[in-house]
Amino acid sequence: QVQLVESGGGSVQAGGSLRLSCVASGYAYSITCMGWFRQAPGKEREGVAAIDSDGSARYADSVKGRFTISKDNAKNAMYLQMNSLKPEDTAMYYCAAEPVRLCGNSWQGFYRYTTWGQGTQVTVSS
């Protein structure tokens with residue numbers, strides 16, 4: 001059974017940092033496009049970052065220079081290092097996976113991803 005489990009969310013003040021983790025099980029993680037999405041109340045789910053099976057990363061403009069996505073194939077884990085957090089980063093964060101090697105230019109299309117985690121809440125106060 002394919003499963004993704006996120007952790008690392010919490011509450012921080014603006015300017016602070018958090019590191020999210022996503023651990024995968026049940027499939028060939030190393031040949032998968034992985035992504036982080038977030039959804040704030042009343043807003044659509046948006047793509048934050050994605051990483052190809054070869055480690056190439058893509059970011060939403062709103063987080064470039066502040067967030068870093070990475071993965072550890074040996075641990076079947078993906079991470080999102082979030083620095084210089086802003087109140088507008090407040091949302092439920094989800095990791096997602098699609099069993100393809102390359103995420104491509106449509107990586108922010110949440111409909112593509114076949115497996116989702118349960119989400120972890122990030123709250124940034126001003």
# chains A, B, ... in the order shown; residues from 1 in each chain; ligands from 1
call {"tool": "residues_around", "arguments": {"residues": "Ser7 (chain A)", "least_positions_apart": "2", "cutoff": "7 Å", "atoms": "only C-alpha atoms", "output": "list of chain:residue names"}}
result
A:Val5, A:Gly9, A:Leu20, A:Ser21, A:Cys22, A:Thr120
call {"tool": "write_last_selection", "arguments": {"atoms": "N, CA and C atoms", "output": "mmCIF file, in the first residue's frame"}}
result
data_model
loop_
_atom_site.group_PDB
_atom_site.id
_atom_site.type_symbol
_atom_site.label_atom_id
_atom_site.label_comp_id
_atom_site.auth_asym_id
_atom_site.auth_seq_id
_atom_site.Cartn_x
_atom_site.Cartn_y
_atom_site.Cartn_z
ATOM 1 N N VAL A 5 3.687 10.145 4.665
ATOM 2 C CA VAL A 5 3.431 10.679 5.995
ATOM 3 C C VAL A 5 4.289 11.926 6.206
ATOM 4 N N GLY A 9 5.435 20.288 10.912
ATOM 5 C CA GLY A 9 4.711 21.549 10.973
ATOM 6 C C GLY A 9 4.698 22.120 12.385
ATOM 7 N N LEU A 20 9.915 20.643 7.029
ATOM 8 C CA LEU A 20 8.921 19.605 6.874
ATOM 9 C C LEU A 20 9.569 18.350 6.322
ATOM 10 N N SER A 21 9.050 17.202 6.738
ATOM 11 C CA SER A 21 9.528 15.917 6.241
ATOM 12 C C SER A 21 8.361 15.122 5.690
ATOM 13 N N CYS A 22 8.655 14.307 4.694
ATOM 14 C CA CYS A 22 7.655 13.412 4.105
ATOM 15 C C CYS A 22 8.340 12.070 3.871
ATOM 16 N N THR A 120 0.298 18.589 7.161
ATOM 17 C CA THR A 120 0.836 19.100 8.418
ATOM 18 C C THR A 120 0.650 20.613 8.428
#
call {"tool": "residues_around", "arguments": {"residues": "region 90-106 of chain A", "least_positions_apart": "2", "cutoff": "7 Å", "atoms": "only C-alpha atoms", "output": "PyMOL selection string"}}
result
chain A and resi 6+22+31-40+51-53+87-88+108-109+112-124
call {"tool": "residues_around", "arguments": {"residues": "Asp61 (chain A)", "least_positions_apart": "6", "cutoff": "12 Å", "atoms": "only C-alpha atoms", "output": "list in words"}}
result
Glu46, Gly47, Val48, Ala49, Phe67 and Gln108 of chain A
call {"tool": "residues_around", "arguments": {"residues": "Lys75 (chain A)", "least_positions_apart": "3", "cutoff": "9 Å", "atoms": "only C-alpha atoms", "output": "PyMOL selection string"}}
result
chain A and resi 23-24+71-72+78
call {"tool": "write_last_selection", "arguments": {"atoms": "N, CA and C atoms", "output": "mmCIF file, in the first residue's frame"}}
result
data_model
loop_
_atom_site.group_PDB
_atom_site.id
_atom_site.type_symbol
_atom_site.label_atom_id
_atom_site.label_comp_id
_atom_site.auth_asym_id
_atom_site.auth_seq_id
_atom_site.Cartn_x
_atom_site.Cartn_y
_atom_site.Cartn_z
ATOM 1 N N VAL A 23 7.828 11.042 4.515
ATOM 2 C CA VAL A 23 8.404 9.710 4.367
ATOM 3 C C VAL A 23 7.453 8.859 3.542
ATOM 4 N N ALA A 24 8.004 8.197 2.525
ATOM 5 C CA ALA A 24 7.206 7.408 1.604
ATOM 6 C C ALA A 24 7.434 5.918 1.837
ATOM 7 N N LYS A 71 15.673 15.627 -1.157
ATOM 8 C CA LYS A 71 15.222 14.264 -0.922
ATOM 9 C C LYS A 71 16.396 13.379 -0.540
ATOM 10 N N ASP A 72 16.100 12.326 0.153
ATOM 11 C CA ASP A 72 17.091 11.325 0.552
ATOM 12 C C ASP A 72 16.537 9.974 0.146
ATOM 13 N N MET A 78 11.561 13.027 1.771
ATOM 14 C CA MET A 78 11.641 14.317 1.099
ATOM 15 C C MET A 78 11.488 15.393 2.165
#
call {"tool": "atom_distance", "arguments": {"atom1": "CA of Val12 (chain A)", "atom2": "CA of Tyr59 (chain A)"}}
result
21.9 Å
call {"tool": "select_by_dssp", "arguments": {"residues": "chain A", "states": "helix (DSSP H, G or I)", "output": "ChimeraX atom specification"}}
result
/A:29-31,73-75,87-89,110-112
call {"tool": "write_last_selection", "arguments": {"atoms": "C-alpha atoms", "output": "PDB file, in the first residue's frame"}}
result
ATOM      1  CA  TYR A  29      10.316   6.097  -4.398  1.00  0.00           C
ATOM      2  CA  SER A  30      13.534   6.715  -6.318  1.00  0.00           C
ATOM      3  CA  ILE A  31      11.749   7.026  -9.680  1.00  0.00           C
ATOM      4  CA  ASN A  73      16.466   8.205  -1.529  1.00  0.00           C
ATOM      5  CA  ALA A  74      18.140   5.981   1.041  1.00  0.00           C
ATOM      6  CA  LYS A  75      15.553   7.057   3.614  1.00  0.00           C
ATOM      7  CA  PRO A  87       2.222  35.094   7.659  1.00  0.00           C
ATOM      8  CA  GLU A  88       1.008  34.376   4.122  1.00  0.00           C
ATOM      9  CA  ASP A  89       2.829  31.031   4.280  1.00  0.00           C
ATOM     10  CA  PHE A 110      -2.342  18.944  -8.151  1.00  0.00           C
ATOM     11  CA  TYR A 111      -4.606  16.642 -10.222  1.00  0.00           C
ATOM     12  CA  ARG A 112      -1.471  14.861 -11.557  1.00  0.00           C
TER      13      ARG A 112
END
call {"tool": "closest_residue", "arguments": {"among": "A:Gly26, A:Ala14, A:Gly42, A:Trp107", "to": "Ala60 (chain A)", "atoms": "only C-alpha atoms"}}
result
A:Trp107
call {"tool": "atom_distance", "arguments": {"atom1": "CA of Ala57 (chain A)", "atom2": "CA of Ser11 (chain A)"}}
result
25.9 Å
call {"tool": "select_by_dssp", "arguments": {"residues": "chain A", "states": "strand (DSSP E)", "output": "PDB file with N, CA, C and O atoms, in the first residue's frame"}}
result
ATOM      1  N   GLN A   3       1.952   4.930   0.695  1.00  0.00           N
ATOM      2  CA  GLN A   3       1.633   5.821   1.795  1.00  0.00           C
ATOM      3  C   GLN A   3       2.674   6.926   1.912  1.00  0.00           C
ATOM      4  O   GLN A   3       3.867   6.700   1.716  1.00  0.00           O
ATOM      5  N   LEU A   4       2.199   8.149   2.221  1.00  0.00           N
ATOM      6  CA  LEU A   4       3.063   9.291   2.491  1.00  0.00           C
ATOM      7  C   LEU A   4       2.682   9.855   3.856  1.00  0.00           C
ATOM      8  O   LEU A   4       1.504  10.040   4.144  1.00  0.00           O
ATOM      9  N   VAL A   5       3.687  10.145   4.665  1.00  0.00           N
ATOM     10  CA  VAL A   5       3.431  10.679   5.995  1.00  0.00           C
ATOM     11  C   VAL A   5       4.289  11.926   6.206  1.00  0.00           C
ATOM     12  O   VAL A   5       5.517  11.857   6.147  1.00  0.00           O
ATOM     13  N   GLU A   6       3.607  13.065   6.443  1.00  0.00           N
ATOM     14  CA  GLU A   6       4.311  14.316   6.680  1.00  0.00           C
ATOM     15  C   GLU A   6       4.511  14.557   8.175  1.00  0.00           C
ATOM     16  O   GLU A   6       3.733  14.061   9.005  1.00  0.00           O
ATOM     17  N   SER A   7       5.508  15.371   8.475  1.00  0.00           N
ATOM     18  CA  SER A   7       5.729  15.822   9.846  1.00  0.00           C
ATOM     19  C   SER A   7       6.526  17.116   9.804  1.00  0.00           C
ATOM     20  O   SER A   7       7.049  17.491   8.742  1.00  0.00           O
ATOM     21  N   GLY A  10       4.214  23.340  12.496  1.00  0.00           N
ATOM     22  CA  GLY A  10       4.139  23.986  13.801  1.00  0.00           C
ATOM     23  C   GLY A  10       3.825  25.458  13.677  1.00  0.00           C
ATOM     24  O   GLY A  10       3.429  25.927  12.604  1.00  0.00           O
ATOM     25  N   SER A  11       4.013  26.165  14.779  1.00  0.00           N
ATOM     26  CA  SER A  11       3.743  27.604  14.827  1.00  0.00           C
ATOM     27  C   SER A  11       5.049  28.350  15.055  1.00  0.00           C
ATOM     28  O   SER A  11       5.802  28.014  15.973  1.00  0.00           O
ATOM     29  N   VAL A  12       5.294  29.355  14.229  1.00  0.00           N
ATOM     30  CA  VAL A  12       6.498  30.170  14.355  1.00  0.00           C
ATOM     31  C   VAL A  12       6.147  31.632  14.112  1.00  0.00           C
ATOM     32  O   VAL A  12       5.091  31.934  13.538  1.00  0.00           O
ATOM     33  N   GLN A  13       7.034  32.502  14.530  1.00  0.00           N
ATOM     34  CA  GLN A  13       6.861  33.919  14.226  1.00  0.00           C
ATOM     35  C   GLN A  13       7.447  34.223  12.859  1.00  0.00           C
ATOM     36  O   GLN A  13       8.296  33.486  12.352  1.00  0.00           O
ATOM     37  N   LEU A  18      11.110  26.486   9.556  1.00  0.00           N
ATOM     38  CA  LEU A  18      10.593  25.157   9.840  1.00  0.00           C
ATOM     39  C   LEU A  18      11.116  24.207   8.779  1.00  0.00           C
ATOM     40  O   LEU A  18      11.388  24.621   7.649  1.00  0.00           O
ATOM     41  N   ARG A  19      11.218  22.937   9.142  1.00  0.00           N
ATOM     42  CA  ARG A  19      11.608  21.904   8.179  1.00  0.00           C
ATOM     43  C   ARG A  19      10.547  20.820   8.184  1.00  0.00           C
ATOM     44  O   ARG A  19      10.319  20.160   9.197  1.00  0.00           O
ATOM     45  N   LEU A  20       9.915  20.643   7.029  1.00  0.00           N
ATOM     46  CA  LEU A  20       8.921  19.605   6.874  1.00  0.00           C
ATOM     47  C   LEU A  20       9.569  18.350   6.322  1.00  0.00           C
ATOM     48  O   LEU A  20      10.494  18.426   5.508  1.00  0.00           O
ATOM     49  N   SER A  21       9.050  17.202   6.738  1.00  0.00           N
ATOM     50  CA  SER A  21       9.528  15.917   6.241  1.00  0.00           C
ATOM     51  C   SER A  21       8.361  15.122   5.690  1.00  0.00           C
ATOM     52  O   SER A  21       7.226  15.251   6.151  1.00  0.00           O
ATOM     53  N   CYS A  22       8.655  14.307   4.694  1.00  0.00           N
ATOM     54  CA  CYS A  22       7.655  13.412   4.105  1.00  0.00           C
ATOM     55  C   CYS A  22       8.340  12.070   3.871  1.00  0.00           C
ATOM     56  O   CYS A  22       9.311  12.001   3.128  1.00  0.00           O
ATOM     57  N   VAL A  23       7.828  11.042   4.515  1.00  0.00           N
ATOM     58  CA  VAL A  23       8.404   9.710   4.367  1.00  0.00           C
ATOM     59  C   VAL A  23       7.453   8.859   3.542  1.00  0.00           C
ATOM     60  O   VAL A  23       6.254   8.800   3.818  1.00  0.00           O
ATOM     61  N   ALA A  24       8.004   8.197   2.525  1.00  0.00           N
ATOM     62  CA  ALA A  24       7.206   7.408   1.604  1.00  0.00           C
ATOM     63  C   ALA A  24       7.434   5.918   1.837  1.00  0.00           C
ATOM     64  O   ALA A  24       8.515   5.489   2.224  1.00  0.00           O
ATOM     65  N   SER A  25       6.395   5.147   1.553  1.00  0.00           N
ATOM     66  CA  SER A  25       6.517   3.692   1.621  1.00  0.00           C
ATOM     67  C   SER A  25       5.602   3.055   0.593  1.00  0.00           C
ATOM     68  O   SER A  25       4.630   3.659   0.146  1.00  0.00           O
ATOM     69  N   CYS A  33       8.316  11.604  -9.128  1.00  0.00           N
ATOM     70  CA  CYS A  33       8.225  13.054  -8.960  1.00  0.00           C
ATOM     71  C   CYS A  33       7.505  13.308  -7.629  1.00  0.00           C
ATOM     72  O   CYS A  33       6.428  12.777  -7.397  1.00  0.00           O
ATOM     73  N   MET A  34       8.127  14.113  -6.772  1.00  0.00           N
ATOM     74  CA  MET A  34       7.533  14.426  -5.479  1.00  0.00           C
ATOM     75  C   MET A  34       7.281  15.929  -5.378  1.00  0.00           C
ATOM     76  O   MET A  34       8.077  16.731  -5.885  1.00  0.00           O
ATOM     77  N   GLY A  35       6.224  16.297  -4.703  1.00  0.00           N
ATOM     78  CA  GLY A  35       5.927  17.715  -4.575  1.00  0.00           C
ATOM     79  C   GLY A  35       5.365  18.082  -3.220  1.00  0.00           C
ATOM     80  O   GLY A  35       4.863  17.222  -2.486  1.00  0.00           O
ATOM     81  N   TRP A  36       5.501  19.352  -2.887  1.00  0.00           N
ATOM     82  CA  TRP A  36       4.862  19.942  -1.718  1.00  0.00           C
ATOM     83  C   TRP A  36       3.784  20.905  -2.191  1.00  0.00           C
ATOM     84  O   TRP A  36       4.034  21.747  -3.050  1.00  0.00           O
ATOM     85  N   PHE A  37       2.623  20.787  -1.607  1.00  0.00           N
ATOM     86  CA  PHE A  37       1.512  21.682  -1.884  1.00  0.00           C
ATOM     87  C   PHE A  37       1.044  22.288  -0.572  1.00  0.00           C
ATOM     88  O   PHE A  37       1.324  21.764   0.506  1.00  0.00           O
ATOM     89  N   ARG A  38       0.297  23.378  -0.668  1.00  0.00           N
ATOM     90  CA  ARG A  38      -0.279  23.961   0.534  1.00  0.00           C
ATOM     91  C   ARG A  38      -1.671  24.490   0.216  1.00  0.00           C
ATOM     92  O   ARG A  38      -1.992  24.828  -0.917  1.00  0.00           O
ATOM     93  N   GLN A  39      -2.470  24.536   1.265  1.00  0.00           N
ATOM     94  CA  GLN A  39      -3.823  25.051   1.101  1.00  0.00           C
ATOM     95  C   GLN A  39      -4.226  25.807   2.350  1.00  0.00           C
ATOM     96  O   GLN A  39      -4.235  25.248   3.461  1.00  0.00           O
ATOM     97  N   GLU A  46      -2.196  24.997  -3.777  1.00  0.00           N
ATOM     98  CA  GLU A  46      -1.179  25.504  -4.689  1.00  0.00           C
ATOM     99  C   GLU A  46       0.122  24.736  -4.534  1.00  0.00           C
ATOM    100  O   GLU A  46       0.490  24.320  -3.430  1.00  0.00           O
ATOM    101  N   GLY A  47       0.806  24.571  -5.648  1.00  0.00           N
ATOM    102  CA  GLY A  47       2.101  23.912  -5.630  1.00  0.00           C
ATOM    103  C   GLY A  47       3.170  24.836  -5.082  1.00  0.00           C
ATOM    104  O   GLY A  47       3.248  25.992  -5.471  1.00  0.00           O
ATOM    105  N   VAL A  48       3.962  24.320  -4.170  1.00  0.00           N
ATOM    106  CA  VAL A  48       5.024  25.094  -3.541  1.00  0.00           C
ATOM    107  C   VAL A  48       6.376  24.751  -4.154  1.00  0.00           C
ATOM    108  O   VAL A  48       7.157  25.631  -4.510  1.00  0.00           O
ATOM    109  N   ALA A  49       6.650  23.453  -4.268  1.00  0.00           N
ATOM    110  CA  ALA A  49       7.926  23.003  -4.811  1.00  0.00           C
ATOM    111  C   ALA A  49       7.785  21.559  -5.249  1.00  0.00           C
ATOM    112  O   ALA A  49       6.896  20.842  -4.769  1.00  0.00           O
ATOM    113  N   ALA A  50       8.645  21.162  -6.169  1.00  0.00           N
ATOM    114  CA  ALA A  50       8.652  19.779  -6.628  1.00  0.00           C
ATOM    115  C   ALA A  50      10.089  19.368  -6.928  1.00  0.00           C
ATOM    116  O   ALA A  50      10.948  20.221  -7.216  1.00  0.00           O
ATOM    117  N   ILE A  51      10.326  18.058  -6.885  1.00  0.00           N
ATOM    118  CA  ILE A  51      11.667  17.547  -7.139  1.00  0.00           C
ATOM    119  C   ILE A  51      11.566  16.292  -7.994  1.00  0.00           C
ATOM    120  O   ILE A  51      10.770  15.397  -7.731  1.00  0.00           O
ATOM    121  N   ALA A  57      15.061  20.556  -8.859  1.00  0.00           N
ATOM    122  CA  ALA A  57      13.999  21.175  -8.062  1.00  0.00           C
ATOM    123  C   ALA A  57      13.306  22.298  -8.825  1.00  0.00           C
ATOM    124  O   ALA A  57      13.906  22.960  -9.676  1.00  0.00           O
ATOM    125  N   ARG A  58      12.031  22.495  -8.496  1.00  0.00           N
ATOM    126  CA  ARG A  58      11.233  23.582  -9.056  1.00  0.00           C
ATOM    127  C   ARG A  58      10.487  24.247  -7.908  1.00  0.00           C
ATOM    128  O   ARG A  58      10.094  23.577  -6.962  1.00  0.00           O
ATOM    129  N   TYR A  59      10.278  25.568  -8.026  1.00  0.00           N
ATOM    130  CA  TYR A  59       9.664  26.327  -6.952  1.00  0.00           C
ATOM    131  C   TYR A  59       8.613  27.285  -7.483  1.00  0.00           C
ATOM    132  O   TYR A  59       8.737  27.834  -8.574  1.00  0.00           O
ATOM    133  N   PHE A  67      12.533  28.848   0.380  1.00  0.00           N
ATOM    134  CA  PHE A  67      12.278  27.435   0.623  1.00  0.00           C
ATOM    135  C   PHE A  67      13.257  26.591  -0.197  1.00  0.00           C
ATOM    136  O   PHE A  67      13.633  26.973  -1.317  1.00  0.00           O
ATOM    137  N   THR A  68      13.622  25.437   0.352  1.00  0.00           N
ATOM    138  CA  THR A  68      14.483  24.496  -0.355  1.00  0.00           C
ATOM    139  C   THR A  68      13.906  23.095  -0.228  1.00  0.00           C
ATOM    140  O   THR A  68      13.666  22.617   0.886  1.00  0.00           O
ATOM    141  N   ILE A  69      13.693  22.451  -1.365  1.00  0.00           N
ATOM    142  CA  ILE A  69      13.204  21.080  -1.377  1.00  0.00           C
ATOM    143  C   ILE A  69      14.388  20.146  -1.594  1.00  0.00           C
ATOM    144  O   ILE A  69      15.323  20.462  -2.332  1.00  0.00           O
ATOM    145  N   SER A  70      14.366  19.002  -0.927  1.00  0.00           N
ATOM    146  CA  SER A  70      15.434  18.019  -1.089  1.00  0.00           C
ATOM    147  C   SER A  70      14.873  16.634  -0.828  1.00  0.00           C
ATOM    148  O   SER A  70      13.741  16.498  -0.341  1.00  0.00           O
ATOM    149  N   LYS A  71      15.673  15.627  -1.157  1.00  0.00           N
ATOM    150  CA  LYS A  71      15.222  14.264  -0.922  1.00  0.00           C
ATOM    151  C   LYS A  71      16.396  13.379  -0.540  1.00  0.00           C
ATOM    152  O   LYS A  71      17.540  13.664  -0.890  1.00  0.00           O
ATOM    153  N   ASP A  72      16.100  12.326   0.153  1.00  0.00           N
ATOM    154  CA  ASP A  72      17.091  11.325   0.552  1.00  0.00           C
ATOM    155  C   ASP A  72      16.537   9.974   0.146  1.00  0.00           C
ATOM    156  O   ASP A  72      15.679   9.416   0.827  1.00  0.00           O
ATOM    157  N   ALA A  77      12.751   9.651   1.865  1.00  0.00           N
ATOM    158  CA  ALA A  77      12.251  10.864   2.505  1.00  0.00           C
ATOM    159  C   ALA A  77      12.454  12.082   1.616  1.00  0.00           C
ATOM    160  O   ALA A  77      13.401  12.144   0.820  1.00  0.00           O
ATOM    161  N   MET A  78      11.561  13.027   1.771  1.00  0.00           N
ATOM    162  CA  MET A  78      11.641  14.317   1.099  1.00  0.00           C
ATOM    163  C   MET A  78      11.488  15.393   2.165  1.00  0.00           C
ATOM    164  O   MET A  78      10.784  15.179   3.163  1.00  0.00           O
ATOM    165  N   TYR A  79      12.143  16.535   1.932  1.00  0.00           N
ATOM    166  CA  TYR A  79      12.127  17.591   2.934  1.00  0.00           C
ATOM    167  C   TYR A  79      11.778  18.933   2.291  1.00  0.00           C
ATOM    168  O   TYR A  79      11.981  19.142   1.102  1.00  0.00           O
ATOM    169  N   LEU A  80      11.274  19.841   3.113  1.00  0.00           N
ATOM    170  CA  LEU A  80      11.062  21.211   2.685  1.00  0.00           C
ATOM    171  C   LEU A  80      11.589  22.113   3.792  1.00  0.00           C
ATOM    172  O   LEU A  80      10.971  22.217   4.857  1.00  0.00           O
ATOM    173  N   GLN A  81      12.745  22.723   3.537  1.00  0.00           N
ATOM    174  CA  GLN A  81      13.312  23.676   4.477  1.00  0.00           C
ATOM    175  C   GLN A  81      12.699  25.033   4.182  1.00  0.00           C
ATOM    176  O   GLN A  81      12.842  25.541   3.064  1.00  0.00           O
ATOM    177  N   MET A  82      12.028  25.611   5.154  1.00  0.00           N
ATOM    178  CA  MET A  82      11.329  26.876   4.971  1.00  0.00           C
ATOM    179  C   MET A  82      11.967  27.933   5.865  1.00  0.00           C
ATOM    180  O   MET A  82      11.908  27.823   7.097  1.00  0.00           O
ATOM    181  N   ALA A  91      -0.663  27.709   6.217  1.00  0.00           N
ATOM    182  CA  ALA A  91      -1.492  26.791   5.439  1.00  0.00           C
ATOM    183  C   ALA A  91      -1.282  25.370   5.945  1.00  0.00           C
ATOM    184  O   ALA A  91      -0.375  25.105   6.735  1.00  0.00           O
ATOM    185  N   MET A  92      -2.115  24.478   5.459  1.00  0.00           N
ATOM    186  CA  MET A  92      -1.859  23.049   5.606  1.00  0.00           C
ATOM    187  C   MET A  92      -0.946  22.652   4.457  1.00  0.00           C
ATOM    188  O   MET A  92      -1.240  22.964   3.296  1.00  0.00           O
ATOM    189  N   TYR A  93       0.135  21.986   4.786  1.00  0.00           N
ATOM    190  CA  TYR A  93       1.103  21.565   3.778  1.00  0.00           C
ATOM    191  C   TYR A  93       0.984  20.052   3.549  1.00  0.00           C
ATOM    192  O   TYR A  93       0.937  19.274   4.511  1.00  0.00           O
ATOM    193  N   TYR A  94       0.959  19.678   2.272  1.00  0.00           N
ATOM    194  CA  TYR A  94       0.813  18.287   1.877  1.00  0.00           C
ATOM    195  C   TYR A  94       1.989  17.870   0.999  1.00  0.00           C
ATOM    196  O   TYR A  94       2.426  18.654   0.148  1.00  0.00           O
ATOM    197  N   CYS A  95       2.445  16.647   1.162  1.00  0.00           N
ATOM    198  CA  CYS A  95       3.363  16.103   0.169  1.00  0.00           C
ATOM    199  C   CYS A  95       2.573  15.185  -0.755  1.00  0.00           C
ATOM    200  O   CYS A  95       1.535  14.625  -0.375  1.00  0.00           O
ATOM    201  N   ALA A  96       3.069  15.069  -1.967  1.00  0.00           N
ATOM    202  CA  ALA A  96       2.377  14.310  -2.990  1.00  0.00           C
ATOM    203  C   ALA A  96       3.397  13.623  -3.887  1.00  0.00           C
ATOM    204  O   ALA A  96       4.525  14.097  -4.024  1.00  0.00           O
ATOM    205  N   ALA A  97       2.957  12.534  -4.516  1.00  0.00           N
ATOM    206  CA  ALA A  97       3.859  11.765  -5.364  1.00  0.00           C
ATOM    207  C   ALA A  97       3.169  11.339  -6.645  1.00  0.00           C
ATOM    208  O   ALA A  97       1.963  11.058  -6.654  1.00  0.00           O
ATOM    209  N   GLU A  98       3.956  11.321  -7.694  1.00  0.00           N
ATOM    210  CA  GLU A  98       3.496  10.823  -8.981  1.00  0.00           C
ATOM    211  C   GLU A  98       4.570   9.897  -9.520  1.00  0.00           C
ATOM    212  O   GLU A  98       5.745  10.274  -9.562  1.00  0.00           O
ATOM    213  N   THR A 115      -0.765  10.087  -5.141  1.00  0.00           N
ATOM    214  CA  THR A 115      -0.695   9.770  -3.723  1.00  0.00           C
ATOM    215  C   THR A 115      -0.456  11.041  -2.920  1.00  0.00           C
ATOM    216  O   THR A 115       0.399  11.848  -3.300  1.00  0.00           O
ATOM    217  N   TRP A 116      -1.188  11.173  -1.810  1.00  0.00           N
ATOM    218  CA  TRP A 116      -1.095  12.354  -0.956  1.00  0.00           C
ATOM    219  C   TRP A 116      -0.926  11.950   0.497  1.00  0.00           C
ATOM    220  O   TRP A 116      -1.454  10.926   0.937  1.00  0.00           O
ATOM    221  N   THR A 120       0.298  18.589   7.161  1.00  0.00           N
ATOM    222  CA  THR A 120       0.836  19.100   8.418  1.00  0.00           C
ATOM    223  C   THR A 120       0.650  20.613   8.428  1.00  0.00           C
ATOM    224  O   THR A 120       0.918  21.282   7.432  1.00  0.00           O
ATOM    225  N   GLN A 121       0.161  21.145   9.532  1.00  0.00           N
ATOM    226  CA  GLN A 121      -0.205  22.556   9.622  1.00  0.00           C
ATOM    227  C   GLN A 121       1.016  23.426   9.915  1.00  0.00           C
ATOM    228  O   GLN A 121       1.808  23.125  10.813  1.00  0.00           O
ATOM    229  N   VAL A 122       1.126  24.510   9.154  1.00  0.00           N
ATOM    230  CA  VAL A 122       2.152  25.523   9.389  1.00  0.00           C
ATOM    231  C   VAL A 122       1.451  26.850   9.659  1.00  0.00           C
ATOM    232  O   VAL A 122       0.613  27.282   8.846  1.00  0.00           O
ATOM    233  N   THR A 123       1.746  27.453  10.780  1.00  0.00           N
ATOM    234  CA  THR A 123       1.144  28.729  11.151  1.00  0.00           C
ATOM    235  C   THR A 123       2.245  29.736  11.453  1.00  0.00           C
ATOM    236  O   THR A 123       3.118  29.469  12.284  1.00  0.00           O
ATOM    237  N   VAL A 124       2.209  30.868  10.747  1.00  0.00           N
ATOM    238  CA  VAL A 124       3.218  31.908  10.916  1.00  0.00           C
ATOM    239  C   VAL A 124       2.526  33.166  11.431  1.00  0.00           C
ATOM    240  O   VAL A 124       1.625  33.689  10.777  1.00  0.00           O
ATOM    241  N   SER A 125       2.938  33.632  12.578  1.00  0.00           N
ATOM    242  CA  SER A 125       2.328  34.808  13.176  1.00  0.00           C
ATOM    243  C   SER A 125       3.206  36.037  12.943  1.00  0.00           C
ATOM    244  O   SER A 125       4.428  35.945  12.870  1.00  0.00           O
TER     245      SER A 125
END
call {"tool": "closest_residue", "arguments": {"among": "A:Gly65, A:Pro41, A:Gly8, A:Gly55", "to": "Ser84 (chain A)", "atoms": "only C-alpha atoms"}}
result
A:Gly65
call {"tool": "closest_residue", "arguments": {"among": "A:Gln1, A:Ser126, A:Ser17, A:Ser62", "to": "Leu85 (chain A)", "atoms": "only C-alpha atoms"}}
result
A:Ser17
call {"tool": "decode", "arguments": {"residues": "region 117-126 of chain A", "atoms": "N, CA, C and O atoms", "output": "CSV table (one decimal), in the first residue's frame"}}
result
chain,number,residue,atom,x,y,z
A,117,GLY,N,-0.2,12.8,1.2
A,117,GLY,CA,-0.1,12.6,2.7
A,117,GLY,C,-1.3,13.3,3.3
A,117,GLY,O,-2.2,13.9,2.7
A,118,GLN,N,-1.4,13.2,4.6
A,118,GLN,CA,-2.5,13.7,5.4
A,118,GLN,C,-2.4,15.2,5.7
A,118,GLN,O,-3.4,15.8,6.1
A,119,GLY,N,-1.2,15.7,5.5
A,119,GLY,CA,-1.0,17.2,5.8
A,119,GLY,C,-0.4,17.5,7.1
A,119,GLY,O,-0.6,16.7,8.1
A,120,THR,N,0.3,18.6,7.2
A,120,THR,CA,0.8,19.1,8.4
A,120,THR,C,0.6,20.6,8.4
A,120,THR,O,0.9,21.3,7.4
A,121,GLN,N,0.2,21.1,9.5
A,121,GLN,CA,-0.2,22.6,9.6
A,121,GLN,C,1.0,23.4,9.9
A,121,GLN,O,1.8,23.1,10.8
A,122,VAL,N,1.1,24.5,9.2
A,122,VAL,CA,2.2,25.5,9.4
A,122,VAL,C,1.5,26.9,9.7
A,122,VAL,O,0.6,27.3,8.8
A,123,THR,N,1.7,27.5,10.8
A,123,THR,CA,1.1,28.7,11.2
A,123,THR,C,2.2,29.7,11.5
A,123,THR,O,3.1,29.5,12.3
A,124,VAL,N,2.2,30.9,10.7
A,124,VAL,CA,3.2,31.9,10.9
A,124,VAL,C,2.5,33.2,11.4
A,124,VAL,O,1.6,33.7,10.8
A,125,SER,N,2.9,33.6,12.6
A,125,SER,CA,2.3,34.8,13.2
A,125,SER,C,3.2,36.0,12.9
A,125,SER,O,4.4,35.9,12.9
A,126,SER,N,2.5,37.2,12.8
A,126,SER,CA,3.3,38.4,12.6
A,126,SER,C,3.8,39.1,13.9
A,126,SER,O,3.4,38.7,14.9
